[in-house]
Structure formats: structure tokens, C-alpha cells
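Reproduced below: run.tsv, with TSV, C-alpha atoms.
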```tsv
chain	number	residue	atom	x	y	z
U	1	MET	CA	0.00	0.00	0.00
U	2	THR	CA	2.84	2.42	0.77
U	3	ASN	CA	4.43	1.65	-2.59
U	4	LEU	CA	1.19	2.63	-4.32
U	5	ARG	CA	1.13	5.94	-2.44
U	6	LYS	CA	4.70	6.72	-3.45
U	7	GLU	CA	3.94	5.89	-7.08
U	8	LEU	CA	0.77	8.01	-7.01
U	9	GLU	CA	2.77	10.95	-5.61
U	10	LYS	CA	5.23	10.64	-8.50
U	11	CYS	CA	2.47	10.87	-11.11
U	12	LYS	CA	2.32	14.30	-12.71
U	13	HIS	CA	-1.26	14.44	-13.95
U	14	PRO	CA	-4.32	13.10	-12.08
U	15	ASN	CA	-5.98	11.83	-15.27
U	16	SER	CA	-2.94	10.12	-16.79
U	17	ARG	CA	-3.09	6.45	-17.77
U	18	LYS	CA	-0.52	5.57	-15.12
U	19	THR	CA	-2.54	7.28	-12.38
U	20	LYS	CA	-5.71	5.48	-13.46
U	21	ALA	CA	-3.91	2.13	-13.52
U	22	LEU	CA	-2.52	2.71	-10.02
U	23	GLY	CA	-5.98	3.68	-8.78
U	24	LYS	CA	-7.40	0.50	-10.27
U	25	LYS	CA	-4.66	-1.53	-8.58
U	26	ALA	CA	-5.37	0.13	-5.22
U	27	ARG	CA	-9.11	-0.59	-5.52
U	28	ARG	CA	-8.39	-4.23	-6.33
U	29	GLN	CA	-6.13	-4.62	-3.29
U	30	ASN	CA	-8.76	-2.94	-1.10
U	31	ASN	CA	-11.49	-5.31	-2.37
U	32	LYS	CA	-9.27	-8.34	-1.74
U	33	HIS	CA	-8.65	-7.11	1.80
U	34	LYS	CA	-12.40	-6.66	2.42
U	35	THR	CA	-13.10	-10.18	1.15
U	36	ARG	CA	-10.42	-11.66	3.42
U	37	LEU	CA	-11.79	-9.72	6.37
U	38	GLY	CA	-15.32	-11.01	5.67
U	39	HIS	CA	-14.09	-14.61	5.62
U	40	ALA	CA	-12.24	-14.09	8.90
U	41	ILE	CA	-15.36	-12.69	10.59
U	42	LYS	CA	-17.47	-15.58	9.33
U	43	SER	CA	-14.89	-18.10	10.59
U	44	ASN	CA	-14.84	-16.43	14.02
U	45	ILE	CA	-18.63	-16.55	14.32
U	46	THR	CA	-18.76	-20.19	13.24
U	47	GLY	CA	-15.90	-21.04	15.61
U	48	GLU	CA	-17.71	-19.42	18.54
U	49	LYS	CA	-20.89	-21.34	17.71
U	50	LEU	CA	-19.04	-24.67	17.47
U	51	SER	CA	-17.12	-24.04	20.68
U	52	TRP	CA	-20.43	-23.30	22.48
U	53	PHE	CA	-21.83	-26.65	21.34
U	54	LEU	CA	-18.59	-28.43	22.23
U	55	GLY	CA	-18.66	-26.89	25.69
U	56	HIS	CA	-22.22	-28.08	26.33
U	57	ILE	CA	-21.61	-31.72	25.37
U	58	ASP	CA	-20.40	-34.03	28.11
U	59	GLU	CA	-16.63	-34.56	27.76
U	60	LYS	CA	-16.87	-38.26	28.59
U	61	ARG	CA	-19.52	-38.90	25.96
U	62	THR	CA	-18.29	-41.06	23.06
U	63	GLU	CA	-21.53	-42.05	21.32
U	64	PRO	CA	-23.26	-39.50	19.05
U	65	LEU	CA	-26.20	-37.45	20.22
U	66	ALA	CA	-29.74	-38.66	19.64
U	67	PRO	CA	-31.83	-36.33	17.44
U	68	GLN	CA	-33.92	-35.33	20.47
U	69	GLU	CA	-30.77	-34.45	22.43
U	70	LEU	CA	-29.48	-32.31	19.55
U	71	GLU	CA	-32.85	-30.57	19.33
U	72	ASP	CA	-32.74	-29.85	23.09
U	73	LEU	CA	-29.18	-28.55	22.75
U	74	ILE	CA	-30.23	-26.21	19.94
U	75	ALA	CA	-33.15	-24.96	22.07
U	76	LEU	CA	-30.64	-24.27	24.85
U	77	TYR	CA	-28.44	-22.45	22.31
U	78	PHE	CA	-31.34	-20.14	21.48
U	79	LYS	CA	-31.72	-19.33	25.19
U	80	ARG	CA	-28.07	-18.39	25.71
U	81	PHE	CA	-28.85	-14.66	25.92
U	82	ASP	CA	-31.87	-14.92	28.25
U	83	GLU	CA	-29.93	-13.90	31.35
U	84	GLU	CA	-28.43	-10.86	29.62
U	85	LEU	CA	-31.84	-9.82	28.27
U	86	GLU	CA	-33.31	-10.06	31.77
U	87	GLN	CA	-30.55	-7.80	33.10
U	88	ILE	CA	-31.18	-5.26	30.35
U	89	ASN	CA	-34.93	-5.29	31.00
U	90	LEU	CA	-34.32	-4.85	34.73
U	91	LYS	CA	-32.02	-1.86	34.16
U	92	GLN	CA	-34.52	-0.30	31.76
U	93	SER	CA	-37.40	-0.69	34.20
U	94	ILE	CA	-35.62	0.99	37.12
U	95	GLY	CA	-35.55	4.65	36.08
U	96	LYS	CA	-37.06	7.10	33.64
U	97	HIS	CA	-33.84	7.94	31.87
U	98	ARG	CA	-32.60	4.38	31.57
U	99	ALA	CA	-35.15	3.30	28.99
U	100	ASN	CA	-32.63	3.68	26.16
U	101	GLN	CA	-29.67	2.30	28.07
U	102	HIS	CA	-28.35	-0.90	26.44
U	103	ALA	CA	-30.99	-0.63	23.70
U	104	ALA	CA	-28.42	-1.26	20.97
U	105	ARG	CA	-27.18	-4.47	22.61
U	106	LYS	CA	-30.75	-5.64	23.13
U	107	ASP	CA	-31.53	-5.00	19.46
U	108	VAL	CA	-28.44	-6.91	18.33
U	109	ILE	CA	-29.38	-9.89	20.50
U	110	THR	CA	-33.01	-9.98	19.35
U	111	ILE	CA	-32.05	-9.65	15.67
U	112	THR	CA	-29.44	-12.41	16.02
U	113	LEU	CA	-31.87	-14.76	17.75
U	114	GLU	CA	-34.65	-14.09	15.23
U	115	LYS	CA	-32.26	-14.73	12.34
U	116	GLU	CA	-30.94	-17.97	13.84
U	117	GLN	CA	-34.42	-19.25	14.70
U	118	ASN	CA	-35.67	-18.47	11.19
U	119	GLU	CA	-32.67	-20.29	9.72
U	120	TYR	CA	-33.35	-23.29	11.96
U	121	ARG	CA	-37.04	-23.43	11.00
U	122	SER	CA	-36.42	-22.97	7.26
U	123	GLY	CA	-33.10	-23.83	5.61
U	124	GLY	CA	-31.06	-24.84	8.61
U	125	LEU	CA	-28.30	-23.66	10.94
U	126	GLN	CA	-24.75	-24.25	9.79
U	127	LEU	CA	-23.53	-26.76	12.36
U	128	MET	CA	-21.89	-30.13	12.55
U	129	ASN	CA	-24.32	-33.01	12.63
U	130	LEU	CA	-23.63	-34.26	16.15
U	131	CYS	CA	-25.85	-37.30	15.49
U	132	ASP	CA	-23.07	-38.59	13.24
U	133	PRO	CA	-20.24	-40.34	15.17
U	134	LEU	CA	-17.51	-39.25	12.73
U	135	LYS	CA	-18.48	-35.58	12.92
U	136	LEU	CA	-18.70	-35.70	16.71
U	137	LYS	CA	-15.16	-37.11	16.77
U	138	MET	CA	-14.00	-34.37	14.38
U	139	LEU	CA	-15.50	-31.73	16.67
U	140	ARG	CA	-13.79	-33.30	19.69
U	141	ASP	CA	-10.44	-33.29	17.84
U	142	TRP	CA	-10.88	-29.67	16.71
U	143	ASP	CA	-8.28	-27.36	18.28
U	144	GLY	CA	-10.71	-24.46	18.70
U	145	SER	CA	-9.02	-22.02	16.34
U	146	ALA	CA	-10.97	-20.01	13.79
U	147	LEU	CA	-8.42	-20.88	11.10
U	148	SER	CA	-9.16	-24.59	11.29
U	149	VAL	CA	-12.96	-24.11	11.10
U	150	GLN	CA	-12.70	-24.29	7.33
U	151	HIS	CA	-11.50	-27.91	7.59
U	152	LEU	CA	-14.63	-29.02	9.45
U	153	LYS	CA	-17.54	-30.34	7.41
U	154	LEU	CA	-20.61	-28.35	8.40
U	155	ASP	CA	-24.18	-29.37	7.65
U	156	LEU	CA	-27.43	-27.44	7.58
U	157	ILE	CA	-29.31	-28.63	10.66
U	158	SER	CA	-33.01	-27.76	10.49
U	159	HIS	CA	-36.07	-28.67	12.53
U	160	ASN	CA	-37.41	-30.81	9.65
U	161	MET	CA	-34.12	-32.68	9.35
U	162	LEU	CA	-34.15	-33.54	13.05
U	163	GLN	CA	-37.76	-34.73	12.79
U	164	ARG	CA	-36.77	-37.05	9.91
U	165	LEU	CA	-33.84	-38.37	11.96
U	166	LYS	CA	-36.19	-39.06	14.90
U	167	GLU	CA	-38.55	-41.01	12.65
U	168	GLN	CA	-35.66	-43.01	11.20
U	169	SER	CA	-34.34	-43.86	14.66
U	170	LYS	CA	-37.83	-44.95	15.77
U	171	GLU	CA	-38.12	-47.19	12.69
U	172	LYS	CA	-34.71	-48.71	13.41
U	173	GLY	CA	-35.71	-49.34	17.01
U	174	GLN	CA	-38.94	-51.05	15.92
U	175	ASP	CA	-37.10	-53.16	13.33
U	176	GLU	CA	-34.58	-54.29	15.96
U	177	MET	CA	-37.38	-55.25	18.37
U	178	GLU	CA	-39.16	-57.27	15.67
U	179	THR	CA	-36.02	-59.20	14.67
U	180	SER	CA	-35.11	-60.14	18.24
```

So, in terms of C-alpha cells, how does the structure I just supplied come out?
Amino acid sequence: MTNLRKELEKCKHPNSRKTKALGKKARRQNNKHKTRLGHAIKSNITGEKLSWFLGHIDEKRTEPLAPQELEDLIALYFKRFDEELEQINLKQSIGKHRANQHAARKDVITITLEKEQNEYRSGGLQLMNLCDPLKLKMLRDWDGSALSVQHLKLDLISHNMLQRLKEQSKEKGQDEMETS
């Protein structure tokens, strides 16, 4: 970037071909930087989400989660901000002038929760399928860094998908009872 500045300072005329080419080069570098920054932010968010799920699964557990357990864990994930929202509501109810205090944080939390719940009900949350033993092992082996999130295979986990998995597990259980 400093080399571009020096070269731009050397240019005599602002509308010369060289100046335009340097401007184009600077814009391209800026766009590449913005793209890299966007990927880093997305990796951090995904890493935080995965580490939350990893922290709420029993460390001694080796078998994969049942679909009902994963559904309960996702419901718990949606309630992760309840305590903070209660604190904000309490602070806002105390005085006249505190009605707008923490309003921005409250808005961010509500928008995030609405977005995640809509994703879960429609297309699906981007998570690892913890009902799959291989993916559970991959999550356990994950070092927790945002850089290595890209190596994990994420699935879209939706309410409908978990319902299908529940039905399949019930059918398997009935088939096993009939054969024995």
C-alpha cells in the first residue's frame, strides 16, 4: 500500500493512464482485503458457535447425540442470551432515563436470535451433525481455532431434518425389536 502511495505521488497528472492504472490496482487490493476480512469474521462466528456446542456436550460422551438431544441442545443455544436480556430489561425498568440504556445491545441480540431461529425453521443452521459419530469425533479433535474451522464439514441442521432423523431412529428401534 505504501508503494502505491509513493507511485501516485510521483504521477504528474491526475488523469494520466498511469494514475488510473494505479488507482485500479489500489481498488483491487482494497477489495481483496475486504473479502479476506469477511471470511475471517465468518470463521470467528462459526468457531464461537461450534465451541459453544462443544462446551455443552459431556466430555466423557463417546456415542453420538440422539436427534432429540441435539434438538434440546439447539433450544438451549437459542436461550443463551436470556440472562443478559433479563438484566437489560431490569435496568430499563428501574428509572425514567434508563429506557434507552443498552438498547443497541438488546436490538443486536433480538435480531441475532430471530435470524438464527428463522434459519433453523427454514433452511437450517450451519452446524456439525452431532448425530453422526464421525463428525462428533472431528469436533472433539478440533483445536478451537478459527483458522481450522474451514477444515470441518458443516451441515445445515433444520427442525425438519431432526424430525426425519427421529422417525428413522424410531423405525430402526422397531425393526430391531421385531427381529429379536

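Atom pair atom CA of Arg140 of chain U / atom CA of Ser158 of chain U: separated by 22.0 Å.
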
Around (-18.5, -39.0, 16.3) in the file's frame, which residues reach within 8 Å when counting all atoms listed in the file? Return as a short mmCIF file (atom, residue, chain, number, x, y, z; two decimals) with C-alpha atoms, in the coordinates of the input?
```
data_model
loop_
_atom_site.label_atom_id
_atom_site.label_comp_id
_atom_site.auth_asym_id
_atom_site.auth_seq_id
_atom_site.Cartn_x
_atom_site.Cartn_y
_atom_site.Cartn_z
CA THR U 62 -18.29 -41.06 23.06
CA GLU U 63 -21.53 -42.05 21.32
CA PRO U 64 -23.26 -39.50 19.05
CA LEU U 130 -23.63 -34.26 16.15
CA CYS U 131 -25.85 -37.30 15.49
CA ASP U 132 -23.07 -38.59 13.24
CA PRO U 133 -20.24 -40.34 15.17
CA LEU U 134 -17.51 -39.25 12.73
CA LYS U 135 -18.48 -35.58 12.92
CA LEU U 136 -18.70 -35.70 16.71
CA LYS U 137 -15.16 -37.11 16.77
CA MET U 138 -14.00 -34.37 14.38
CA LEU U 139 -15.50 -31.73 16.67
#
```

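Reported to one decimal place, the separation of atom CA of Asp72 of chain U from atom CA of Glu86 of chain U is 21.6 Å.
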
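Interatomic distance, atom CA of Leu154 of chain U to atom CA of Leu127 of chain U: 5.2 Å.
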
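Ranking U:Leu4, U:His97, U:Gln126, U:Lys79 by their shortest atom-to-atom distance to Glu114 of chain U, with all atoms listed in the file included, puts U:Lys79 first.
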
Cut-off 10 Å: closest segment 95-141 of chain U/segment 161-169 of chain U atom pairs per residue, using all atoms listed in the file, as a Markdown table:
```
| residue | atom | partner | partner_atom | distance |
| --- | --- | --- | --- | --- |
| U:Tyr120 | CA | U:Met161 | CA | 9.8 |
| U:Arg121 | CA | U:Met161 | CA | 9.8 |
| U:Gly123 | CA | U:Met161 | CA | 9.7 |
| U:Gly124 | CA | U:Met161 | CA | 8.4 |
| U:Asn129 | CA | U:Leu162 | CA | 9.9 |
| U:Cys131 | CA | U:Leu165 | CA | 8.8 |
```

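Take the candidates U:Leu125, U:Ile94, U:Val108, U:Ala40 and check each one against Glu71 of chain U using only C-alpha atoms; the shortest distance goes to U:Leu125.
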
Within 12 Å of Arg5 of chain U using all atoms listed in the file, minus same-chain residues under 2 positions, as a short mmCIF file (atom, residue, chain, number, x, y, z; two decimals) with C-alpha atoms, in the frame of the given file:
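Writing done, so here's result.cif:
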```cif
data_model
loop_
_atom_site.label_atom_id
_atom_site.label_comp_id
_atom_site.auth_asym_id
_atom_site.auth_seq_id
_atom_site.Cartn_x
_atom_site.Cartn_y
_atom_site.Cartn_z
CA MET U 1 0.00 0.00 0.00
CA THR U 2 2.84 2.42 0.77
CA ASN U 3 4.43 1.65 -2.59
CA GLU U 7 3.94 5.89 -7.08
CA LEU U 8 0.77 8.01 -7.01
CA GLU U 9 2.77 10.95 -5.61
CA LYS U 10 5.23 10.64 -8.50
CA CYS U 11 2.47 10.87 -11.11
CA THR U 19 -2.54 7.28 -12.38
CA LEU U 22 -2.52 2.71 -10.02
CA GLY U 23 -5.98 3.68 -8.78
CA LYS U 25 -4.66 -1.53 -8.58
CA ALA U 26 -5.37 0.13 -5.22
#
```

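Checking U:Gly144, U:His33, U:Asp155, U:Gln150 one by one against Gly55 of chain U, counting all atoms listed in the file, you find the shortest gap at U:Gly144.
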
query: List as a PyMOL selection string: which residues have an atom within 10 Å of (-27.3, -20.5, 22.3), counting only C-alpha atoms?
result: chain U and resi 49+52-53+56+73-82+113+116

task: Excluding Asn89 of chain U and any residue of its chain fewer than 6 positions from it, enumerate the residues within 12 Å of it, using all atoms listed in the file, and give them as a PyMOL selection string.
output: chain U and resi 82-83+95+98-103+105-106

Please enclose the listed atoms of segment 125-133 of chain U in an axis-aligned box, pad each side by 5 Å, and write out the centre and the three edge lengths in Å, rounded to one decimal, as JSON.
```
{"center_x": -24.3, "center_y": -32.0, "center_z": 13.0, "size_x": 18.1, "size_y": 26.7, "size_z": 16.4}
```

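Candidate residues U:Glu59, U:Ser122, U:Gly47, U:Ile109 were compared for distance to Leu152 of chain U, and the nearest is U:Gly47, using only C-alpha atoms.
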
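Nearest residue to His151 of chain U among U:Thr110, U:Ser43, U:Ser16, U:Gln68 is U:Ser43, counting only C-alpha atoms.
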